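S.K.: So that we are looking at the same thing, I have put the structure below in structure tokens.
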Amino acid sequence: MSRFACGHTLQSMALQIRSAPKQSSARSLPGIARLAVVLEVFLGLGALFGGGALILAPDGQLLGMPVKLLAGSPFPSFLVPGIILFGLIGVAPLMAAAITLRRQALAPLAAVAVGLTLIGWVSVEMVVLAGLGSLAWTLYFVLGASIAAIGVGWWHSSTKNGNHKES
């Protein structure tokens with residue numbers, strides 16, 4: 001595909017999203033959208049706390065995590081993982097929740113992206129920190145899969161109804 005055709009396609013998609021009629025904010029969000037918001041806010045706030053603690057104390061002291069956990073990883077401290085945790089797993093889900101509350105057409109896809117990002121984060125953590133033994137990893141993996149599944153189901157139901165808003 002030529003650069004022009006690709007750029008034109010992206011422009012068309014952006015124009016469709018921007019020109020989609022906005023629904024009245026007086027109408028309540030459907031249950032699936034509210035569930036996505038709750039899970040995204042829960043995830044985002046927890047990751048802001050965890051990532052912030054790792055940024056403030058890259059030695060892991062605030063969270064009781066010894067730096068030796070990073071042995072064999074490319075990181076000498078928890079600073080870079082803290083920044084990634086804060087941004088990708090903290091800020092991004094809160095932005096996805098805000099997109100949902102603003103009834104934007106991309107909200108279901110944002111939920112899918114949040115879920116898949118969390119699954120990726122947990123998977124990399126398990127490999128880098130060598131093990132499948134943490135209950136927290138299991139819970140966050142399930143949380144990521146749940147958020148992604150909610151986004152897929154939400155998107156599917158909205159396309160079925162011919163509405164990419166929030167149904």
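Labels for the structure tokens follow display order: chains A, B, ..., residues from 1 in each chain, ligands from 1.
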Enumerate, in order of chain and increasing residue number, the residues of stretch 36-58 of chain A with an atom no farther than 7 Å from stretch 82-104 of chain A, each with its shortest atom pair and distance in Å to one decimal, counting only C-alpha atoms, as JSON lines.
M.R.:
```
{"residue": "A:Val37", "atom": "CA", "partner": "A:Ala97", "partner_atom": "CA", "distance": 4.8}
{"residue": "A:Glu40", "atom": "CA", "partner": "A:Pro93", "partner_atom": "CA", "distance": 4.9}
{"residue": "A:Val41", "atom": "CA", "partner": "A:Leu94", "partner_atom": "CA", "distance": 5.6}
{"residue": "A:Leu43", "atom": "CA", "partner": "A:Gly90", "partner_atom": "CA", "distance": 6.8}
{"residue": "A:Gly44", "atom": "CA", "partner": "A:Gly90", "partner_atom": "CA", "distance": 3.9}
{"residue": "A:Leu45", "atom": "CA", "partner": "A:Gly90", "partner_atom": "CA", "distance": 6.2}
{"residue": "A:Ala47", "atom": "CA", "partner": "A:Gly90", "partner_atom": "CA", "distance": 4.4}
{"residue": "A:Leu48", "atom": "CA", "partner": "A:Gly90", "partner_atom": "CA", "distance": 4.7}
{"residue": "A:Gly51", "atom": "CA", "partner": "A:Gly82", "partner_atom": "CA", "distance": 4.2}
{"residue": "A:Gly52", "atom": "CA", "partner": "A:Phe86", "partner_atom": "CA", "distance": 6.3}
{"residue": "A:Leu54", "atom": "CA", "partner": "A:Gly82", "partner_atom": "CA", "distance": 4.8}
{"residue": "A:Ile55", "atom": "CA", "partner": "A:Gly82", "partner_atom": "CA", "distance": 5.3}
```
S.K.: Hey, can you spit out that residue selection with N, CA and C atoms as an mmCIF file, in the first residue's frame?
M.R.:
```
data_model
loop_
_atom_site.group_PDB
_atom_site.id
_atom_site.type_symbol
_atom_site.label_atom_id
_atom_site.label_comp_id
_atom_site.auth_asym_id
_atom_site.auth_seq_id
_atom_site.Cartn_x
_atom_site.Cartn_y
_atom_site.Cartn_z
ATOM 1 N N VAL A 37 -15.258 1.134 32.893
ATOM 2 C CA VAL A 37 -14.758 2.308 33.627
ATOM 3 C C VAL A 37 -14.280 1.908 35.019
ATOM 4 N N GLU A 40 -11.020 -0.085 34.714
ATOM 5 C CA GLU A 40 -9.922 0.775 34.252
ATOM 6 C C GLU A 40 -9.460 1.736 35.352
ATOM 7 N N VAL A 41 -10.400 2.295 36.101
ATOM 8 C CA VAL A 41 -10.031 3.205 37.191
ATOM 9 C C VAL A 41 -9.318 2.432 38.301
ATOM 10 N N LEU A 43 -7.541 -0.333 38.017
ATOM 11 C CA LEU A 43 -6.206 -0.651 37.505
ATOM 12 C C LEU A 43 -5.329 0.589 37.468
ATOM 13 N N GLY A 44 -5.845 1.673 36.920
ATOM 14 C CA GLY A 44 -5.070 2.891 36.754
ATOM 15 C C GLY A 44 -4.597 3.485 38.067
ATOM 16 N N LEU A 45 -5.480 3.556 39.046
ATOM 17 C CA LEU A 45 -5.088 4.130 40.334
ATOM 18 C C LEU A 45 -4.039 3.272 41.033
ATOM 19 N N ALA A 47 -1.860 1.290 39.600
ATOM 20 C CA ALA A 47 -0.594 1.397 38.873
ATOM 21 C C ALA A 47 0.056 2.765 39.072
ATOM 22 N N LEU A 48 -0.750 3.804 39.213
ATOM 23 C CA LEU A 48 -0.169 5.118 39.522
ATOM 24 C C LEU A 48 0.545 5.064 40.870
ATOM 25 N N GLY A 51 3.657 2.530 40.379
ATOM 26 C CA GLY A 51 4.662 3.159 39.521
ATOM 27 C C GLY A 51 5.274 4.376 40.179
ATOM 28 N N GLY A 52 4.440 5.169 40.828
ATOM 29 C CA GLY A 52 4.943 6.349 41.525
ATOM 30 C C GLY A 52 5.904 5.976 42.642
ATOM 31 N N LEU A 54 7.768 3.324 42.751
ATOM 32 C CA LEU A 54 9.022 2.855 42.147
ATOM 33 C C LEU A 54 9.843 4.011 41.583
ATOM 34 N N ILE A 55 9.176 5.040 41.106
ATOM 35 C CA ILE A 55 9.889 6.221 40.600
ATOM 36 C C ILE A 55 10.519 6.979 41.770
#
```
S.K.: Pull the helix (DSSP H, G or I) assignments for stretch 5-145 of chain A out of DSSP run on the backbone, and list those residues as a CSV table (one decimal) with N, CA and C atoms, in the first residue's frame.
M.R.:
```csv
chain,number,residue,atom,x,y,z
A,5,ALA,N,-2.0,6.2,0.1
A,5,ALA,CA,-3.2,5.4,0.4
A,5,ALA,C,-3.3,5.2,1.8
A,6,CYS,N,-2.2,4.8,2.5
A,6,CYS,CA,-2.3,4.6,3.9
A,6,CYS,C,-2.7,5.9,4.7
A,7,GLY,N,-2.1,7.0,4.3
A,7,GLY,CA,-2.4,8.3,5.0
A,7,GLY,C,-3.8,8.6,4.7
A,8,HIS,N,-4.3,8.4,3.5
A,8,HIS,CA,-5.7,8.7,3.2
A,8,HIS,C,-6.7,7.8,4.0
A,9,THR,N,-6.3,6.5,4.2
A,9,THR,CA,-7.2,5.6,5.0
A,9,THR,C,-7.2,6.1,6.4
A,10,LEU,N,-6.1,6.5,7.0
A,10,LEU,CA,-6.1,6.9,8.4
A,10,LEU,C,-6.8,8.2,8.5
A,11,GLN,N,-6.7,9.1,7.5
A,11,GLN,CA,-7.5,10.4,7.6
A,11,GLN,C,-9.0,10.1,7.5
A,12,SER,N,-9.4,9.1,6.7
A,12,SER,CA,-10.8,8.8,6.6
A,12,SER,C,-11.3,8.2,7.9
A,13,MET,N,-10.5,7.3,8.5
A,13,MET,CA,-11.0,6.8,9.8
A,13,MET,C,-11.1,7.9,10.9
A,14,ALA,N,-10.1,8.8,10.9
A,14,ALA,CA,-10.2,9.8,11.9
A,14,ALA,C,-11.4,10.7,11.7
A,15,LEU,N,-11.7,11.0,10.4
A,15,LEU,CA,-12.8,11.9,10.1
A,15,LEU,C,-14.1,11.2,10.5
A,16,GLN,N,-14.3,9.9,10.2
A,16,GLN,CA,-15.5,9.2,10.6
A,16,GLN,C,-15.7,9.2,12.1
A,17,ILE,N,-14.6,9.1,12.9
A,17,ILE,CA,-14.7,9.1,14.3
A,17,ILE,C,-15.1,10.5,14.8
A,18,ARG,N,-14.4,11.5,14.3
A,18,ARG,CA,-14.7,12.9,14.7
A,18,ARG,C,-16.1,13.3,14.3
A,19,SER,N,-16.6,12.9,13.1
A,19,SER,CA,-17.9,13.3,12.7
A,19,SER,C,-19.1,12.5,13.1
A,31,GLY,N,-24.4,-0.9,31.0
A,31,GLY,CA,-23.7,-1.6,32.0
A,31,GLY,C,-22.3,-2.0,31.7
A,32,ILE,N,-22.1,-2.5,30.4
A,32,ILE,CA,-20.8,-2.9,30.0
A,32,ILE,C,-19.7,-1.8,30.0
A,33,ALA,N,-20.2,-0.6,29.7
A,33,ALA,CA,-19.3,0.6,29.7
A,33,ALA,C,-19.0,1.0,31.1
A,34,ARG,N,-20.0,0.9,32.0
A,34,ARG,CA,-19.7,1.2,33.4
A,34,ARG,C,-18.7,0.3,34.0
A,35,LEU,N,-18.9,-1.0,33.7
A,35,LEU,CA,-17.9,-2.0,34.2
A,35,LEU,C,-16.5,-1.8,33.7
A,36,ALA,N,-16.4,-1.4,32.4
A,36,ALA,CA,-15.1,-1.1,31.9
A,36,ALA,C,-14.5,0.1,32.6
A,37,VAL,N,-15.3,1.1,32.9
A,37,VAL,CA,-14.8,2.3,33.6
A,37,VAL,C,-14.3,1.9,35.0
A,38,VAL,N,-15.1,1.1,35.7
A,38,VAL,CA,-14.7,0.7,37.1
A,38,VAL,C,-13.4,-0.1,37.1
A,39,LEU,N,-13.2,-1.0,36.2
A,39,LEU,CA,-12.0,-1.8,36.1
A,39,LEU,C,-10.8,-1.0,35.7
A,40,GLU,N,-11.0,-0.1,34.7
A,40,GLU,CA,-9.9,0.8,34.3
A,40,GLU,C,-9.5,1.7,35.4
A,41,VAL,N,-10.4,2.3,36.1
A,41,VAL,CA,-10.0,3.2,37.2
A,41,VAL,C,-9.3,2.4,38.3
A,42,PHE,N,-9.8,1.3,38.6
A,42,PHE,CA,-9.2,0.4,39.7
A,42,PHE,C,-7.7,0.1,39.2
A,43,LEU,N,-7.5,-0.3,38.0
A,43,LEU,CA,-6.2,-0.7,37.5
A,43,LEU,C,-5.3,0.6,37.5
A,44,GLY,N,-5.8,1.7,36.9
A,44,GLY,CA,-5.1,2.9,36.8
A,44,GLY,C,-4.6,3.5,38.1
A,45,LEU,N,-5.5,3.6,39.0
A,45,LEU,CA,-5.1,4.1,40.3
A,45,LEU,C,-4.0,3.3,41.0
A,46,GLY,N,-4.2,2.0,41.0
A,46,GLY,CA,-3.2,1.1,41.6
A,46,GLY,C,-1.9,1.2,40.9
A,47,ALA,N,-1.9,1.3,39.6
A,47,ALA,CA,-0.6,1.4,38.9
A,47,ALA,C,0.1,2.8,39.1
A,48,LEU,N,-0.8,3.8,39.2
A,48,LEU,CA,-0.2,5.1,39.5
A,48,LEU,C,0.5,5.1,40.9
A,49,PHE,N,-0.1,4.4,41.8
A,49,PHE,CA,0.5,4.3,43.2
A,49,PHE,C,1.8,3.5,43.1
A,50,GLY,N,1.7,2.3,42.5
A,50,GLY,CA,2.9,1.4,42.4
A,50,GLY,C,4.0,2.0,41.5
A,51,GLY,N,3.7,2.5,40.4
A,51,GLY,CA,4.7,3.2,39.5
A,51,GLY,C,5.3,4.4,40.2
A,52,GLY,N,4.4,5.2,40.8
A,52,GLY,CA,4.9,6.3,41.5
A,52,GLY,C,5.9,6.0,42.6
A,53,ALA,N,5.6,4.9,43.4
A,53,ALA,CA,6.5,4.5,44.5
A,53,ALA,C,7.8,4.0,43.9
A,54,LEU,N,7.8,3.3,42.8
A,54,LEU,CA,9.0,2.9,42.1
A,54,LEU,C,9.8,4.0,41.6
A,55,ILE,N,9.2,5.0,41.1
A,55,ILE,CA,9.9,6.2,40.6
A,55,ILE,C,10.5,7.0,41.8
A,56,LEU,N,9.8,7.1,42.8
A,56,LEU,CA,10.3,7.9,44.0
A,56,LEU,C,11.4,7.1,44.7
A,61,GLN,N,12.4,0.2,47.9
A,61,GLN,CA,12.2,0.3,49.3
A,61,GLN,C,10.7,0.6,49.8
A,62,LEU,N,10.1,1.5,49.1
A,62,LEU,CA,8.7,1.9,49.4
A,62,LEU,C,7.7,0.7,49.3
A,63,LEU,N,8.0,-0.2,48.4
A,63,LEU,CA,7.1,-1.4,48.2
A,63,LEU,C,7.7,-2.6,48.8
A,67,VAL,N,16.1,-4.9,45.0
A,67,VAL,CA,16.6,-4.7,43.7
A,67,VAL,C,17.1,-6.0,43.1
A,68,LYS,N,17.5,-7.0,44.0
A,68,LYS,CA,18.0,-8.3,43.5
A,68,LYS,C,16.9,-9.0,42.7
A,69,LEU,N,15.6,-8.6,42.8
A,69,LEU,CA,14.6,-9.2,42.0
A,69,LEU,C,14.9,-9.0,40.5
A,70,LEU,N,15.6,-7.9,40.2
A,70,LEU,CA,15.8,-7.5,38.8
A,70,LEU,C,17.1,-8.2,38.3
A,79,LEU,N,13.5,2.1,38.4
A,79,LEU,CA,13.1,3.4,37.9
A,79,LEU,C,12.4,3.2,36.5
A,80,VAL,N,13.0,2.6,35.6
A,80,VAL,CA,12.4,2.4,34.2
A,80,VAL,C,11.1,1.6,34.3
A,81,PRO,N,11.1,0.4,35.0
A,81,PRO,CA,9.8,-0.3,35.2
A,81,PRO,C,8.7,0.6,35.9
A,82,GLY,N,9.2,1.4,36.8
A,82,GLY,CA,8.2,2.3,37.5
A,82,GLY,C,7.6,3.3,36.5
A,83,ILE,N,8.4,3.9,35.7
A,83,ILE,CA,8.0,4.9,34.7
A,83,ILE,C,7.0,4.2,33.7
A,84,ILE,N,7.3,3.0,33.3
A,84,ILE,CA,6.4,2.2,32.3
A,84,ILE,C,5.1,1.9,33.0
A,85,LEU,N,5.2,1.4,34.3
A,85,LEU,CA,4.0,1.1,35.1
A,85,LEU,C,3.1,2.3,35.2
A,86,PHE,N,3.7,3.4,35.6
A,86,PHE,CA,3.0,4.6,35.8
A,86,PHE,C,2.3,5.1,34.5
A,87,GLY,N,3.0,5.1,33.4
A,87,GLY,CA,2.4,5.6,32.2
A,87,GLY,C,1.5,4.6,31.5
A,88,LEU,N,2.0,3.4,31.2
A,88,LEU,CA,1.2,2.5,30.4
A,88,LEU,C,0.1,1.8,31.2
A,89,ILE,N,0.3,1.5,32.4
A,89,ILE,CA,-0.6,0.7,33.2
A,89,ILE,C,-1.4,1.7,34.2
A,90,GLY,N,-0.9,2.9,34.4
A,90,GLY,CA,-1.5,3.8,35.3
A,90,GLY,C,-2.3,4.9,34.5
A,91,VAL,N,-1.6,5.7,33.7
A,91,VAL,CA,-2.3,6.8,33.0
A,91,VAL,C,-3.2,6.3,31.9
A,92,ALA,N,-2.8,5.3,31.1
A,92,ALA,CA,-3.5,4.9,30.0
A,92,ALA,C,-4.9,4.4,30.3
A,93,PRO,N,-5.1,3.5,31.4
A,93,PRO,CA,-6.5,3.1,31.7
A,93,PRO,C,-7.3,4.2,32.2
A,94,LEU,N,-6.7,5.2,32.9
A,94,LEU,CA,-7.5,6.4,33.3
A,94,LEU,C,-8.0,7.2,32.0
A,95,MET,N,-7.1,7.3,31.1
A,95,MET,CA,-7.5,7.9,29.8
A,95,MET,C,-8.6,7.2,29.1
A,96,ALA,N,-8.5,5.8,29.1
A,96,ALA,CA,-9.6,5.0,28.5
A,96,ALA,C,-10.9,5.2,29.2
A,97,ALA,N,-10.8,5.3,30.5
A,97,ALA,CA,-12.1,5.5,31.3
A,97,ALA,C,-12.7,6.9,30.9
A,98,ALA,N,-11.8,7.9,30.8
A,98,ALA,CA,-12.3,9.2,30.4
A,98,ALA,C,-12.9,9.2,29.0
A,99,ILE,N,-12.3,8.5,28.1
A,99,ILE,CA,-12.9,8.3,26.8
A,99,ILE,C,-14.3,7.7,26.8
A,100,THR,N,-14.4,6.7,27.7
A,100,THR,CA,-15.7,6.1,27.8
A,100,THR,C,-16.7,7.1,28.4
A,101,LEU,N,-16.3,7.8,29.5
A,101,LEU,CA,-17.2,8.7,30.1
A,101,LEU,C,-17.6,9.9,29.1
A,107,ALA,N,-14.0,4.1,22.6
A,107,ALA,CA,-13.9,3.6,24.0
A,107,ALA,C,-13.8,2.1,24.0
A,108,PRO,N,-14.6,1.3,23.3
A,108,PRO,CA,-14.4,-0.2,23.4
A,108,PRO,C,-13.0,-0.6,23.0
A,109,LEU,N,-12.5,0.0,21.9
A,109,LEU,CA,-11.1,-0.3,21.5
A,109,LEU,C,-10.1,0.1,22.5
A,110,ALA,N,-10.3,1.2,23.2
A,110,ALA,CA,-9.4,1.6,24.3
A,110,ALA,C,-9.4,0.6,25.4
A,111,ALA,N,-10.5,0.0,25.7
A,111,ALA,CA,-10.6,-1.0,26.7
A,111,ALA,C,-9.8,-2.3,26.3
A,112,VAL,N,-10.0,-2.6,25.0
A,112,VAL,CA,-9.2,-3.8,24.5
A,112,VAL,C,-7.7,-3.5,24.6
A,113,ALA,N,-7.3,-2.3,24.2
A,113,ALA,CA,-5.9,-1.9,24.3
A,113,ALA,C,-5.4,-2.0,25.7
A,114,VAL,N,-6.2,-1.5,26.7
A,114,VAL,CA,-5.8,-1.5,28.1
A,114,VAL,C,-5.6,-3.0,28.5
A,115,GLY,N,-6.6,-3.8,28.2
A,115,GLY,CA,-6.5,-5.2,28.6
A,115,GLY,C,-5.3,-5.9,28.1
A,116,LEU,N,-5.0,-5.7,26.8
A,116,LEU,CA,-3.9,-6.4,26.1
A,116,LEU,C,-2.6,-5.8,26.6
A,117,THR,N,-2.5,-4.5,26.9
A,117,THR,CA,-1.3,-4.0,27.5
A,117,THR,C,-1.0,-4.6,28.9
A,118,LEU,N,-2.0,-4.7,29.7
A,118,LEU,CA,-1.8,-5.3,31.0
A,118,LEU,C,-1.4,-6.8,30.9
A,119,ILE,N,-2.0,-7.5,30.0
A,119,ILE,CA,-1.6,-8.9,29.7
A,119,ILE,C,-0.1,-8.9,29.3
A,120,GLY,N,0.3,-8.0,28.4
A,120,GLY,CA,1.7,-8.0,28.0
A,120,GLY,C,2.6,-7.6,29.2
A,121,TRP,N,2.2,-6.7,30.0
A,121,TRP,CA,3.0,-6.2,31.1
A,121,TRP,C,3.3,-7.4,32.1
A,122,VAL,N,2.2,-8.1,32.4
A,122,VAL,CA,2.3,-9.2,33.3
A,122,VAL,C,3.1,-10.4,32.7
A,123,SER,N,3.0,-10.6,31.5
A,123,SER,CA,3.7,-11.7,30.8
A,123,SER,C,5.2,-11.4,30.8
A,124,VAL,N,5.6,-10.1,30.5
A,124,VAL,CA,7.0,-9.7,30.6
A,124,VAL,C,7.5,-9.8,32.0
A,125,GLU,N,6.7,-9.4,33.0
A,125,GLU,CA,7.1,-9.5,34.4
A,125,GLU,C,7.4,-10.9,34.8
A,126,MET,N,6.5,-11.8,34.3
A,126,MET,CA,6.7,-13.3,34.7
A,126,MET,C,8.0,-13.8,34.1
A,127,VAL,N,8.3,-13.4,32.9
A,127,VAL,CA,9.6,-13.9,32.2
A,127,VAL,C,10.8,-13.2,32.8
A,128,VAL,N,10.8,-11.9,33.0
A,128,VAL,CA,11.9,-11.2,33.6
A,128,VAL,C,12.2,-11.6,35.0
A,135,LEU,N,0.4,-15.0,43.0
A,135,LEU,CA,-1.0,-14.9,42.9
A,135,LEU,C,-1.4,-13.5,42.3
A,136,ALA,N,-0.6,-12.5,42.6
A,136,ALA,CA,-0.9,-11.1,42.0
A,136,ALA,C,-0.8,-11.2,40.5
A,137,TRP,N,0.2,-11.8,40.0
A,137,TRP,CA,0.3,-11.9,38.5
A,137,TRP,C,-0.9,-12.6,37.9
A,138,THR,N,-1.4,-13.6,38.6
A,138,THR,CA,-2.5,-14.3,38.1
A,138,THR,C,-3.8,-13.4,38.1
A,139,LEU,N,-3.9,-12.7,39.2
A,139,LEU,CA,-5.1,-11.8,39.3
A,139,LEU,C,-5.0,-10.7,38.2
A,140,TYR,N,-3.8,-10.1,38.0
A,140,TYR,CA,-3.7,-9.0,37.1
A,140,TYR,C,-3.8,-9.6,35.6
A,141,PHE,N,-3.4,-10.8,35.4
A,141,PHE,CA,-3.5,-11.4,34.1
A,141,PHE,C,-5.0,-11.6,33.8
A,142,VAL,N,-5.7,-12.1,34.8
A,142,VAL,CA,-7.2,-12.2,34.6
A,142,VAL,C,-7.9,-10.9,34.5
A,143,LEU,N,-7.4,-9.9,35.2
A,143,LEU,CA,-8.0,-8.5,35.1
A,143,LEU,C,-7.8,-8.0,33.6
A,144,GLY,N,-6.6,-8.2,33.1
A,144,GLY,CA,-6.3,-7.8,31.7
A,144,GLY,C,-7.2,-8.5,30.7
A,145,ALA,N,-7.3,-9.8,30.9
A,145,ALA,CA,-8.1,-10.6,30.0
A,145,ALA,C,-9.6,-10.1,30.1
```
S.K.: Could you please determine the separation between atom CA of A:Asp59 and atom CA of A:Leu129 in Å, to one decimal place?
M.R.: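 Between atom CA of A:Asp59 and atom CA of A:Leu129 the gap is 15.6 Å.
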S.K.: What gap, in Å, lies between atom CA of A:Ser146 and atom CA of A:Arg27?
M.R.: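 Separation between atom CA of A:Ser146 and atom CA of A:Arg27: 25.2 Å.
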